[in-house]
file target26.cif (mmCIF, C-alpha atoms)
data_structure
loop_
_atom_site.label_atom_id
_atom_site.label_comp_id
_atom_site.auth_asym_id
_atom_site.auth_seq_id
_atom_site.Cartn_x
_atom_site.Cartn_y
_atom_site.Cartn_z
CA MET A 234 77.81 84.53 107.56
CA LEU A 235 76.52 83.85 104.05
CA ILE A 236 72.94 83.44 105.35
CA ILE A 237 73.09 86.82 107.09
CA VAL A 238 74.23 88.58 103.94
CA ILE A 239 71.50 86.96 101.85
CA THR A 240 68.90 87.98 104.42
CA ILE A 241 70.03 91.58 104.31
CA ILE A 242 69.80 91.63 100.53
CA SER A 243 66.34 90.10 100.64
CA ILE A 244 65.12 92.75 103.05
CA ASN A 245 66.56 95.47 100.90
CA LEU A 246 64.81 94.23 97.79
CA ASN A 247 61.46 94.22 99.55
CA ARG A 248 61.93 97.57 101.30
CA SER A 249 63.39 99.83 98.67
CA SER A 250 62.90 102.96 100.78
CA THR A 251 65.38 101.89 103.47
CA PRO A 252 69.00 103.11 103.53
CA LEU A 253 70.18 99.53 103.22
CA PHE A 254 68.64 99.27 99.79
CA LEU A 255 70.64 102.31 98.72
CA LEU A 256 73.75 100.59 99.94
CA ASP A 257 72.79 97.42 98.10
CA ILE A 258 72.92 99.35 94.81
CA HIS A 259 76.70 99.25 95.13
CA ALA A 260 77.01 95.83 96.72
CA GLU A 261 79.64 94.25 94.51
CA PRO A 262 82.51 92.16 95.91
CA ASP A 263 85.98 93.49 95.24
CA ASP A 264 87.56 91.25 92.63
CA ASP A 265 90.47 92.98 90.92
CA ASN A 266 91.77 89.73 89.47
CA LYS A 267 88.58 89.19 87.51
CA GLU A 268 88.78 92.73 86.13
CA LYS A 269 92.34 92.14 84.99
CA ASP A 270 91.31 88.92 83.21
CA ASP A 271 88.72 90.83 81.19
CA GLY A 272 91.36 92.78 79.31
CA GLU A 273 95.06 92.28 78.69
CA GLN A 274 97.33 94.93 80.27
CA LYS A 275 98.77 96.92 77.39
CA LYS A 276 102.44 97.64 76.95
CA GLU A 277 104.13 100.80 75.71
CA ASN A 278 101.63 102.92 73.72
CA LYS A 279 98.75 100.40 73.34
CA LEU A 280 95.54 100.99 75.22
CA ILE A 281 93.55 98.16 76.79
CA ASP A 282 89.87 97.90 76.12
CA GLY A 283 87.90 98.79 79.20
CA ASN A 284 84.86 97.15 80.64
CA LYS A 285 81.96 98.49 78.57
CA GLU A 286 79.19 97.69 81.04
CA GLN A 287 77.32 100.72 82.39
CA ASP A 288 74.21 101.00 84.48
CA GLN A 289 72.51 104.20 83.27
CA THR A 290 69.67 103.95 85.72
CA LYS A 291 72.03 103.75 88.67
CA ASP A 292 73.99 106.77 87.38
CA LYS A 293 70.87 108.89 87.06
CA ASP A 294 69.72 107.95 90.57
CA ALA A 295 73.12 108.87 91.99
CA ASP A 296 73.04 112.21 90.18
CA LYS A 297 69.70 113.04 91.77
CA ASP A 298 71.04 112.31 95.23
CA GLU A 299 74.19 114.40 94.69
CA ASP A 300 72.68 117.48 93.05
CA THR A 301 69.53 117.99 95.14
CA ASP A 302 68.51 121.65 95.35
CA LYS A 303 71.97 122.93 94.35
CA ASP A 304 73.64 122.30 97.68
CA LYS A 305 70.43 123.21 99.50
CA GLU A 306 71.51 126.84 99.71
CA ASN A 307 68.82 127.68 102.23
CA GLY A 308 69.38 124.60 104.33
CA ASN A 309 72.11 122.20 105.26
CA LYS A 310 74.76 122.51 102.53
CA ASN A 311 76.16 119.00 102.98
CA ASP A 312 72.97 117.19 103.87
CA ASN A 313 73.47 113.48 103.21
CA SER A 314 70.89 111.95 105.52
CA ASP A 315 70.62 108.61 103.71
CA PHE A 316 74.36 108.07 104.07
CA ASP A 317 74.28 109.14 107.72
CA GLN A 318 71.52 106.61 108.51
CA MET A 319 73.47 103.65 107.14
CA ASP A 320 74.91 101.41 109.80
CA PRO A 321 78.71 101.40 109.16
CA ALA A 322 78.78 97.71 110.11
CA TYR A 323 76.93 96.85 106.91
CA ARG A 324 79.47 98.61 104.68
CA SER A 325 82.07 95.94 105.42
CA PHE A 326 79.81 93.37 103.72
CA PHE A 327 79.69 95.43 100.54
CA PRO A 328 83.15 96.75 99.61
CA ILE A 329 83.17 99.39 96.88
CA LYS A 330 84.39 97.89 93.64
CA ARG A 331 87.58 99.36 92.20
CA ILE A 332 88.07 99.58 88.47
CA VAL A 333 91.28 98.67 86.71
CA ILE A 334 92.56 101.94 85.25
CA PRO A 335 94.02 101.26 81.78
CA GLU A 336 97.68 102.11 81.24
CA VAL A 337 98.74 104.19 78.28
CA TYR A 338 102.44 103.66 78.99
CA GLU A 339 104.22 100.86 80.82
CA THR A 340 104.79 101.23 84.56
CA ILE A 341 108.41 101.41 85.66
CA PRO A 342 109.37 98.59 88.08
CA ASN A 343 109.54 99.66 91.74
CA GLY A 344 108.60 103.26 90.95
CA GLN A 345 106.72 105.55 93.30
CA THR A 346 102.92 105.24 93.02
CA TYR A 347 99.70 106.59 94.48
CA ARG A 348 96.12 105.29 94.43
CA PHE A 349 93.16 107.18 95.87
CA ASN A 350 92.09 105.89 99.28
CA ILE A 351 88.33 105.50 98.85
CA ASN A 352 87.77 104.99 102.58
CA ASN A 353 90.11 107.69 103.88
CA PRO A 354 91.33 110.24 101.29
CA ASN A 355 93.26 112.17 103.97
CA ASP A 356 95.42 109.15 104.69
CA LYS A 357 98.20 111.22 106.37
CA VAL A 358 100.66 109.12 104.34
CA GLN A 359 100.55 110.84 100.95
CA VAL A 360 97.64 113.27 101.39
CA ASP A 361 96.69 115.59 104.23
CA GLU A 362 94.02 118.15 103.31
CA GLY A 363 91.84 117.90 106.41
CA GLU A 364 92.13 121.62 107.23
CA HIS A 365 90.66 122.71 103.90
CA LYS A 366 86.89 122.94 104.27
CA THR A 367 85.96 122.49 100.59
CA ILE A 368 87.93 119.25 100.12
CA PHE A 369 86.46 115.80 100.79
CA THR A 370 83.35 117.36 102.40
CA GLN A 371 81.33 114.14 102.27
CA GLN A 372 81.38 110.63 100.90
CA ASN A 373 78.56 109.94 98.48
CA LEU A 374 76.49 106.77 98.33
CA ASP A 375 78.49 105.48 95.36
CA GLY A 376 81.76 105.84 97.27
CA SER A 377 82.99 109.04 95.58
CA TRP A 378 84.06 112.10 97.57
CA ARG A 379 82.66 115.60 97.15
CA ILE A 380 84.86 118.62 96.40
CA ASP A 381 82.87 121.81 96.92
CA TYR A 382 83.14 125.22 95.29
CA GLY A 383 86.25 127.28 95.87
CA LYS A 384 89.86 126.90 94.80
CA PRO A 385 90.84 123.46 96.10
CA ARG A 386 94.47 122.40 95.90
CA ILE A 387 95.12 118.74 96.70
CA ASP A 388 98.81 117.87 97.13
CA ILE A 389 99.75 114.22 96.59
CA HIS A 390 103.25 113.25 97.74
CA THR A 391 105.49 110.32 96.96
CA LYS A 392 105.60 107.69 99.68
CA ASP A 393 109.33 108.22 99.98
CA ALA A 394 108.95 111.93 100.66
CA GLY A 395 105.93 111.75 102.93
CA ILE A 396 103.79 114.81 103.46
CA LEU A 397 105.99 117.87 102.97
CA PRO A 398 105.27 121.28 104.48
CA ASP A 399 104.05 124.08 102.26
CA LYS A 400 106.15 126.84 103.79
CA VAL A 401 109.56 127.57 102.37
CA GLY A 402 111.16 128.05 105.79
CA GLN A 403 110.07 124.54 106.74
CA LEU A 404 111.13 123.09 103.39
CA ASN A 405 114.64 124.32 104.09
CA ASN A 406 114.75 122.45 107.42
CA LEU A 407 113.49 118.97 106.61
CA SER A 408 114.55 116.08 108.80
CA LYS A 409 114.50 113.38 106.09
CA GLY A 410 116.23 115.23 103.28
CA LYS A 411 116.46 118.68 101.76
CA ILE A 412 115.51 120.69 98.72
CA GLN A 413 118.55 120.30 96.50
CA SER A 414 118.54 123.78 94.99
CA TRP A 415 116.32 126.66 93.90
CA ASN A 416 118.49 127.25 90.82
CA PHE A 417 117.20 125.81 87.55
CA SER A 418 120.63 125.15 86.04
CA GLU A 419 121.66 123.16 89.10
CA LEU A 420 118.33 121.31 89.20
CA LYS A 421 118.77 120.29 85.57
CA LYS A 422 122.08 118.62 86.49
CA ILE A 423 120.77 117.06 89.72
CA GLY A 424 117.52 115.82 88.16
CA TYR A 425 115.13 116.29 91.10
CA TRP A 426 113.91 118.78 93.69
CA TYR A 427 114.06 116.58 96.79
CA LYS A 428 115.12 112.95 96.28
CA PRO A 429 116.08 110.63 93.42
CA THR A 430 112.68 108.95 93.94
CA ASP A 431 110.81 112.14 92.96
CA TRP A 432 108.13 111.75 90.28
CA LYS A 433 109.53 112.70 86.87
CA ASN A 434 108.08 110.64 84.01
CA ILE A 435 104.54 109.99 85.16
CA GLU A 436 100.99 109.14 84.12
CA VAL A 437 98.32 110.73 86.32
CA THR A 438 94.70 109.57 85.99
CA LEU A 439 91.76 111.37 87.57
CA VAL A 440 88.27 109.82 87.43
CA PHE A 441 85.69 112.45 88.38
CA LYS A 442 82.24 113.91 87.76
CA LEU A 443 81.74 117.65 87.24
CA LEU A 444 78.52 118.69 88.98
CA ASP A 445 78.56 122.44 88.53
CA SER A 446 80.84 125.31 87.61
CA ALA A 447 80.91 128.90 86.48
CA ARG A 448 79.68 128.22 82.96
CA SER A 449 82.03 130.36 80.92
CA LYS A 450 85.34 129.58 79.29
CA GLY A 451 88.56 130.80 80.86
CA ASP A 452 91.37 130.29 83.33
CA GLN A 453 89.11 130.56 86.36
CA HIS A 454 86.87 127.68 85.34
CA SER A 455 89.04 124.63 84.87
CA ILE A 456 90.62 121.65 86.54
CA SER A 457 94.38 121.14 86.31
CA ILE A 458 96.86 118.38 87.00
CA VAL A 459 100.07 120.13 88.04
CA THR A 460 103.46 118.41 87.90
CA ARG A 461 107.17 119.05 88.65
CA SER A 462 106.64 121.73 91.30
CA ILE A 463 107.72 121.99 94.93
CA SER A 464 105.91 125.01 96.44
CA HIS A 465 103.13 127.41 95.46
CA SER A 466 102.33 128.66 98.93
CA GLN A 467 103.70 132.19 99.18
CA LEU A 468 105.31 135.00 97.25
CA ASP A 469 108.90 135.98 97.91
CA ASN A 470 108.14 139.24 99.67
CA GLU A 471 106.13 137.36 102.31
CA TYR A 472 109.03 135.40 103.74
CA LYS A 473 112.36 136.36 102.15
CA LYS A 474 114.53 138.04 104.78
CA SER A 475 117.57 139.07 102.73
CA ASP A 476 118.90 139.29 99.19
CA ASP A 477 121.33 136.49 99.98
CA GLU A 478 118.54 133.92 100.18
CA PRO A 479 117.59 131.98 97.03
CA PRO A 480 114.56 133.02 94.97
CA PHE A 481 112.01 130.74 96.63
CA PHE A 482 109.31 131.70 94.13
CA CYS A 483 111.18 129.48 91.67
CA GLY A 484 109.68 126.51 93.53
CA GLY A 485 106.43 127.18 91.69
CA SER A 486 107.79 126.18 88.27
CA SER A 487 105.48 123.51 86.86
CA TYR A 488 103.48 122.07 83.98
CA HIS A 489 99.67 122.14 83.92
CA ASN A 490 97.35 119.87 81.93
CA ASN A 491 94.08 121.86 81.84
CA LEU A 492 90.51 120.69 81.19
CA SER A 493 87.91 123.47 81.11
CA ASN A 494 84.26 123.25 82.08
CA ASP A 495 83.47 123.60 78.37
CA GLY A 496 85.46 120.45 77.61
CA ASN A 497 88.44 122.26 76.04
CA VAL A 498 92.02 121.23 76.79
CA ARG A 499 95.34 123.03 76.83
CA MET A 500 98.80 123.06 78.44
CA LYS A 501 100.33 125.72 80.67
CA LYS A 502 103.87 126.28 81.89
CA GLU A 503 104.47 128.15 85.11
CA GLN A 504 107.99 129.57 84.82
CA PHE A 505 107.89 130.40 88.54
CA HIS A 506 105.28 131.53 91.07
CA ILE A 507 103.47 133.46 89.59
CA ASP A 508 104.51 133.77 85.91
CA TYR A 509 102.63 131.73 83.29
CA GLU A 510 103.05 130.83 79.66
CA TRP A 511 99.97 129.16 78.20
CA GLU A 512 98.23 128.00 75.09
CA ARG A 513 94.92 129.52 74.16
CA TYR A 514 91.99 127.13 74.17
CA ASN A 515 91.36 125.79 70.68
CA PRO A 516 87.60 125.25 70.16
CA GLU A 517 88.44 122.44 67.73
CA ILE A 518 90.22 120.53 70.50
CA THR A 519 87.35 119.49 72.74
CA VAL A 520 86.12 116.42 74.59
CA GLY A 521 82.50 117.60 74.52
CA ASP A 522 80.10 118.15 77.40
CA ILE A 523 81.61 116.88 80.66
CA TYR A 524 78.83 117.79 83.10
CA ASN A 525 77.16 115.16 85.27
CA LYS A 526 78.96 112.14 83.94
CA ILE A 527 81.93 110.15 85.19
CA ILE A 528 84.97 110.69 82.98
CA GLY A 529 88.65 109.76 83.02
CA PHE A 530 91.29 112.47 82.55
CA LYS A 531 94.97 111.59 82.11
CA ALA A 532 97.94 113.94 82.29
CA ILE A 533 101.15 112.37 81.01
CA VAL A 534 104.51 114.13 81.37
CA TYR A 535 107.89 112.69 80.40
CA ASN A 536 111.37 113.75 79.31
CA VAL A 537 112.23 113.25 75.67
CA ASN A 538 115.89 113.96 76.49
CA ASP A 539 117.77 116.19 78.93
CA THR A 540 116.48 119.39 77.28
CA ALA A 541 112.92 118.59 76.14
CA VAL A 542 109.66 117.52 77.82
CA LYS A 543 106.53 115.99 76.24
CA LEU A 544 103.02 116.67 77.63
CA GLU A 545 99.96 114.61 76.66
CA THR A 546 96.28 114.68 77.61
CA TRP A 547 94.12 111.57 77.22
CA VAL A 548 90.43 111.18 78.11
CA ASP A 549 87.69 108.59 78.44
CA THR A 550 84.28 110.24 78.29
CA GLN A 551 82.34 107.10 77.37
CA ASN A 552 83.11 104.38 79.89
CA GLN A 553 83.50 106.04 83.32
CA GLY A 554 87.29 105.91 83.36
CA ARG A 555 87.55 102.22 82.47
CA GLY A 556 88.87 103.04 79.01
CA PRO A 557 89.79 102.96 76.29
CA TYR A 558 91.43 106.38 76.57
CA LYS A 559 91.95 108.65 73.59
CA LYS A 560 94.76 111.17 73.18
CA VAL A 561 93.17 114.56 72.54
CA HIS A 562 96.13 116.93 72.87
CA GLU A 563 99.90 117.05 73.18
CA GLY A 564 102.63 119.62 73.56
CA LEU A 565 106.42 119.68 73.40
CA ASP A 566 108.65 121.99 75.44
CA LEU A 567 111.96 122.19 73.57
CA GLY A 568 113.46 124.70 75.96
CA ASN A 569 112.04 127.68 74.10
CA TRP A 570 108.70 128.00 75.92
CA GLY A 571 108.97 131.07 78.12
CA ASP A 572 110.84 134.34 78.39
CA ASN A 573 111.83 134.81 82.03
CA MET A 574 113.37 131.65 83.48
CA LYS A 575 116.89 133.04 83.73
CA LEU A 576 115.56 134.88 86.75
CA CYS A 577 115.76 131.47 88.47
CA GLY A 578 119.20 130.65 87.11
CA ALA A 579 118.07 128.82 83.97
CA GLU A 580 120.44 128.42 81.05
CA LYS A 581 117.78 129.69 78.65
CA GLU A 582 114.78 131.96 79.10
CA GLY A 583 112.45 129.13 78.12
CA GLN A 584 114.34 126.20 79.67
CA ALA A 585 112.34 122.98 79.93
CA ILE A 586 111.51 121.71 83.44
CA THR A 587 113.32 118.40 83.18
CA TRP A 588 113.73 117.64 86.90
CA GLY A 589 111.39 115.59 89.07
CA SER A 590 109.24 116.58 92.04
CA PRO A 591 107.81 114.70 95.05
CA ILE A 592 104.44 116.44 94.62
CA VAL A 593 101.56 116.27 92.13
CA ILE A 594 98.84 118.88 92.60
CA LEU A 595 95.16 118.57 91.68
CA LYS A 596 93.93 122.13 91.26
CA ALA A 597 90.46 123.48 90.42
CA ASN A 598 88.81 126.87 90.17
CA ASP A 599 85.05 127.28 90.55
CA PHE A 600 84.37 123.57 90.14
CA LYS A 601 82.05 121.46 92.26
CA PHE A 602 82.87 117.83 91.54
CA ASP A 603 83.14 114.29 92.87
CA ILE A 604 86.37 112.26 92.83
CA TYR A 605 85.97 108.56 92.08
CA ASP A 606 89.59 107.62 91.66
CA LEU A 607 93.07 109.08 91.28
CA GLU A 608 96.21 107.22 90.31
CA ILE A 609 99.84 108.25 89.79
CA ARG A 610 102.41 105.92 88.23
CA GLU A 611 105.97 106.35 87.09
CA ILE A 612 106.27 105.23 83.49
CA VAL A 613 108.82 104.07 80.96
CA PRO A 614 109.00 107.03 78.53
CA PRO A 615 108.20 106.04 74.96
CA GLN A 616 110.62 106.74 72.15
CA TYR A 617 109.72 110.07 70.64
CA MET A 618 111.38 111.56 67.56
CA TYR A 619 111.07 115.19 66.55
CA ASN A 620 112.75 117.64 64.22
CA LYS A 621 115.06 119.96 66.14
#
call {"tool": "encode", "arguments": {"input": "target26.cif", "output": "structure tokens"}}
result
Amino acid sequence: MLIIVITIISINLNRSSTPLFLLDIHAEPDDDNKEKDDGEQKKENKLIDGNKEQDQTKDKDADKDEDTDKDKENGNKNDNSDFDQMDPAYRSFFPIKRIVIPEVYETIPNGQTYRFNINNPNDKVQVDEGEHKTIFTQQNLDGSWRIDYGKPRIDIHTKDAGILPDKVGQLNNLSKGKIQSWNFSELKKIGYWYKPTDWKNIEVTLVFKLLDSARSKGDQHSISIVTRSISHSQLDNEYKKSDDEPPFFCGGSSYHNNLSNDGNVRMKKEQFHIDYEWERYNPEITVGDIYNKIIGFKAIVYNVNDTAVKLETWVDTQNQGRGPYKKVHEGLDLGNWGDNMKLCGAEKEGQAITWGSPIVILKANDFKFDIYDLEIREIVPPQYMYNK
């Protein structure tokens, strides 16, 4: 077997125009243990140093392949002929190398997790977006997956919940559990939308490359990591049959960590679907130009106590998501952010969303980008002191 592999590599080096040579660019054996030995896993609020090695030539070549003729507007939009010509049998000899994503906060033992399936993103276990035509349109030569223009919404579910329906009528008739309540005061006491295993205190890491976007600042041109929500699918008047039914639009309450195409960051709070409170982008809080380079984007959300929630945004724009990550923004919801949450039974108009959810949503508007990795971990919340 070893002789066969060496022969293939030799042929590729001598015939650089063949598809096998393109595959050989990424021919690294998967060795997670070696990666972990290169840097000590950090605990609590200490970042590990990431692997600093980068291959700039390879990155430029990949960019050329991915951005040819701006989606070939007059031809085949998803043309990827080099990838199509590769014999799938050869891919098994060259597994795509996974990076070790640095932890900002310690992982909770036996907590719910998710890691992007590089071979099958629509794994039907935690993700099922096969019906949406702009999501996972093609796999690129470097193993990443293309997300085309539009308004993609990628729902990632806990393993314990499985893939939940997006319609409220179906959510009310689940076979493996039920939505506990649509009332915010009750949810605060219960602590979760669906099950005790719902994601609550979590660290979400997206490694991606922005290829193109509407190049102006604003709500419509950003990527968001959305947490603590259960349903954004419909408005109440589309399915509510009587006044006796609960206000299902309350299922859209959530926190958003936003990153704009201009590299600005901010937080948003959705009181319910659709009613937002948001920060304005601060031009002094920026991560710089994010186009055409692989970056890491972390959204961290955790309870400070039973009435307050901390939001943090961390980024790695230098080392392709390997770290180290730098905190660029943070926000604190003390239960006074908002003016309309009593409509959903909240104790206060600006009540903090302290309960967990089985769903994390990756949401984008007018972005064309590639996903390299995505990870969700439950974390041990750090001690955080503030002046009440």
call {"tool": "resolve_selection", "arguments": {"input": "target26.cif", "expression": "the PyMOL selection byres ((chain A and resi 368) around 7)", "output": "PDB file with C-alpha atoms, keeping the file's coordinate frame"}}
result
ATOM      1  CA  GLU A 362      94.020 118.150 103.310  1.00  0.00           C
ATOM      2  CA  HIS A 365      90.660 122.710 103.900  1.00  0.00           C
ATOM      3  CA  LYS A 366      86.890 122.940 104.270  1.00  0.00           C
ATOM      4  CA  THR A 367      85.960 122.490 100.590  1.00  0.00           C
ATOM      5  CA  PHE A 369      86.460 115.800 100.790  1.00  0.00           C
ATOM      6  CA  THR A 370      83.350 117.360 102.400  1.00  0.00           C
ATOM      7  CA  ILE A 380      84.860 118.620  96.400  1.00  0.00           C
ATOM      8  CA  ASP A 381      82.870 121.810  96.920  1.00  0.00           C
ATOM      9  CA  PRO A 385      90.840 123.460  96.100  1.00  0.00           C
TER      10      PRO A 385
END
call {"tool": "residues_around", "arguments": {"input": "target26.cif", "residues": "segment 407-417 of chain A", "least_positions_apart": "6", "cutoff": "10 Å", "atoms": "all atoms listed in the file", "output": "JSON list (two decimals) with C-alpha atoms, keeping the file's coordinate frame"}}
result
[["chain", "number", "residue", "atom", "x", "y", "z"],
["A", 393, "ASP", "CA", 109.33, 108.22, 99.98],
["A", 394, "ALA", "CA", 108.95, 111.93, 100.66],
["A", 395, "GLY", "CA", 105.93, 111.75, 102.93],
["A", 397, "LEU", "CA", 105.99, 117.87, 102.97],
["A", 398, "PRO", "CA", 105.27, 121.28, 104.48],
["A", 401, "VAL", "CA", 109.56, 127.57, 102.37],
["A", 423, "ILE", "CA", 120.77, 117.06, 89.72],
["A", 424, "GLY", "CA", 117.52, 115.82, 88.16],
["A", 425, "TYR", "CA", 115.13, 116.29, 91.10],
["A", 426, "TRP", "CA", 113.91, 118.78, 93.69],
["A", 427, "TYR", "CA", 114.06, 116.58, 96.79],
["A", 428, "LYS", "CA", 115.12, 112.95, 96.28],
["A", 463, "ILE", "CA", 107.72, 121.99, 94.93],
["A", 478, "GLU", "CA", 118.54, 133.92, 100.18],
["A", 479, "PRO", "CA", 117.59, 131.98, 97.03],
["A", 480, "PRO", "CA", 114.56, 133.02, 94.97],
["A", 481, "PHE", "CA", 112.01, 130.74, 96.63],
["A", 482, "PHE", "CA", 109.31, 131.70, 94.13],
["A", 483, "CYS", "CA", 111.18, 129.48, 91.67],
["A", 484, "GLY", "CA", 109.68, 126.51, 93.53],
["A", 486, "SER", "CA", 107.79, 126.18, 88.27],
["A", 574, "MET", "CA", 113.37, 131.65, 83.48],
["A", 575, "LYS", "CA", 116.89, 133.04, 83.73],
["A", 576, "LEU", "CA", 115.56, 134.88, 86.75],
["A", 577, "CYS", "CA", 115.76, 131.47, 88.47],
["A", 578, "GLY", "CA", 119.20, 130.65, 87.11],
["A", 579, "ALA", "CA", 118.07, 128.82, 83.97],
["A", 580, "GLU", "CA", 120.44, 128.42, 81.05],
["A", 581, "LYS", "CA", 117.78, 129.69, 78.65],
["A", 584, "GLN", "CA", 114.34, 126.20, 79.67],
["A", 585, "ALA", "CA", 112.34, 122.98, 79.93],
["A", 586, "ILE", "CA", 111.51, 121.71, 83.44],
["A", 587, "THR", "CA", 113.32, 118.40, 83.18],
["A", 588, "TRP", "CA", 113.73, 117.64, 86.90]]
call {"tool": "resolve_selection", "arguments": {"input": "target26.cif", "expression": "the PyMOL selection byres ((chain A and resi 533-549) around 6)", "output": "short mmCIF file (atom, residue, chain, number, x, y, z; two decimals) with C-alpha atoms, in the coordinates of the input"}}
result
data_model
loop_
_atom_site.label_atom_id
_atom_site.label_comp_id
_atom_site.auth_asym_id
_atom_site.auth_seq_id
_atom_site.Cartn_x
_atom_site.Cartn_y
_atom_site.Cartn_z
CA ASN A 434 108.08 110.64 84.01
CA ILE A 435 104.54 109.99 85.16
CA GLU A 436 100.99 109.14 84.12
CA ILE A 528 84.97 110.69 82.98
CA GLY A 529 88.65 109.76 83.02
CA PHE A 530 91.29 112.47 82.55
CA LYS A 531 94.97 111.59 82.11
CA ALA A 532 97.94 113.94 82.29
CA THR A 550 84.28 110.24 78.29
CA GLN A 551 82.34 107.10 77.37
CA GLY A 554 87.29 105.91 83.36
CA GLY A 556 88.87 103.04 79.01
CA TYR A 558 91.43 106.38 76.57
CA LYS A 559 91.95 108.65 73.59
CA LYS A 560 94.76 111.17 73.18
CA VAL A 561 93.17 114.56 72.54
CA HIS A 562 96.13 116.93 72.87
CA GLU A 563 99.90 117.05 73.18
CA GLY A 564 102.63 119.62 73.56
CA LEU A 565 106.42 119.68 73.40
CA ASP A 566 108.65 121.99 75.44
CA LEU A 567 111.96 122.19 73.57
CA ALA A 585 112.34 122.98 79.93
#
call {"tool": "resolve_selection", "arguments": {"input": "target26.cif", "expression": "the PyMOL selection byres ((chain A and resi 341-358) around 8)", "output": "list of chain:residue names"}}
result
A:Glu339, A:Thr340, A:Gln359, A:Val360, A:Asp361, A:Glu362, A:Gly363, A:Phe369, A:Gly376, A:Ser377, A:Trp378, A:Ile389, A:Thr391, A:Lys392, A:Asp393, A:Gly395, A:Ile396, A:Thr430, A:Asp431, A:Trp432, A:Tyr605, A:Asp606, A:Leu607, A:Glu608, A:Ile609, A:Arg610, A:Glu611, A:Ile612, A:Val613
call {"tool": "atom_distance", "arguments": {"input": "target26.cif", "atom1": "atom CA of Gln616 of chain A", "atom2": "atom CA of Lys433 of chain A"}}
result
15.9 Å
call {"tool": "atom_distance", "arguments": {"input": "target26.cif", "atom1": "atom CA of Val333 of chain A", "atom2": "atom CA of Val437 of chain A"}}
result
14.0 Å
call {"tool": "residues_around", "arguments": {"input": "target26.cif", "residues": "Asn491 of chain A", "least_positions_apart": "4", "cutoff": "7 Å", "atoms": "all atoms listed in the file", "output": "list in words"}}
result
Ser455, Ile456, Ser457, Ile458, Val498, Arg499 and Met500 of chain A
call {"tool": "atom_distance", "arguments": {"input": "target26.cif", "atom1": "atom CA of Pro557 of chain A", "atom2": "atom CA of Tyr617 of chain A"}}
result
21.9 Å
call {"tool": "axis_aligned_box", "arguments": {"input": "target26.cif", "around": "segment 511-521 of chain A", "padding_each_side": "8 Å", "output": "lines of an AutoDock Vina configuration file"}}
result
center_x = 91.2
center_y = 123.0
center_z = 73.0
size_x = 33.5
size_y = 29.1
size_z = 26.5
call {"tool": "residues_near_point", "arguments": {"input": "target26.cif", "point": "(104.2, 114.7, 89.3)", "cutoff": "7 Å", "atoms": "all atoms listed in the file", "output": "VMD selection string"}}
result
chain A and resid 432 to 433 435 459 to 461 590 to 593
call {"tool": "decode", "arguments": {"input": "target26.cif", "residues": "segment 496-507 of chain A", "atoms": "N, CA and C atoms", "output": "short mmCIF file (atom, residue, chain, number, x, y, z; two decimals), in the first residue's frame"}}
result
data_model
loop_
_atom_site.label_atom_id
_atom_site.label_comp_id
_atom_site.auth_asym_id
_atom_site.auth_seq_id
_atom_site.Cartn_x
_atom_site.Cartn_y
_atom_site.Cartn_z
N GLY A 496 -15.84 44.26 8.70
CA GLY A 496 -15.00 43.87 9.82
C GLY A 496 -15.42 44.46 11.14
N ASN A 497 -16.61 45.07 11.22
CA ASN A 497 -17.11 45.62 12.48
C ASN A 497 -17.91 44.56 13.23
N VAL A 498 -17.96 44.68 14.54
CA VAL A 498 -18.66 43.71 15.38
C VAL A 498 -19.67 44.42 16.27
N ARG A 499 -20.72 43.69 16.62
CA ARG A 499 -21.71 44.21 17.55
C ARG A 499 -22.56 43.05 18.07
N MET A 500 -23.41 43.35 19.06
CA MET A 500 -24.35 42.38 19.61
C MET A 500 -25.77 42.85 19.31
N LYS A 501 -26.67 41.87 19.14
CA LYS A 501 -28.09 42.16 18.99
C LYS A 501 -28.88 41.24 19.92
N LYS A 502 -30.01 41.75 20.36
CA LYS A 502 -30.94 40.94 21.15
C LYS A 502 -32.29 40.96 20.43
N GLU A 503 -32.78 39.78 20.12
CA GLU A 503 -34.11 39.66 19.53
C GLU A 503 -35.06 39.34 20.68
N GLN A 504 -35.92 40.31 21.01
CA GLN A 504 -36.84 40.11 22.13
C GLN A 504 -37.84 39.00 21.82
N PHE A 505 -38.30 38.99 20.58
CA PHE A 505 -39.13 37.93 20.02
C PHE A 505 -39.10 38.13 18.52
N HIS A 506 -39.77 37.24 17.77
CA HIS A 506 -39.73 37.30 16.31
C HIS A 506 -40.89 38.16 15.79
N ILE A 507 -40.69 39.35 15.24
CA ILE A 507 -39.41 39.99 14.94
C ILE A 507 -39.38 41.33 15.69
#
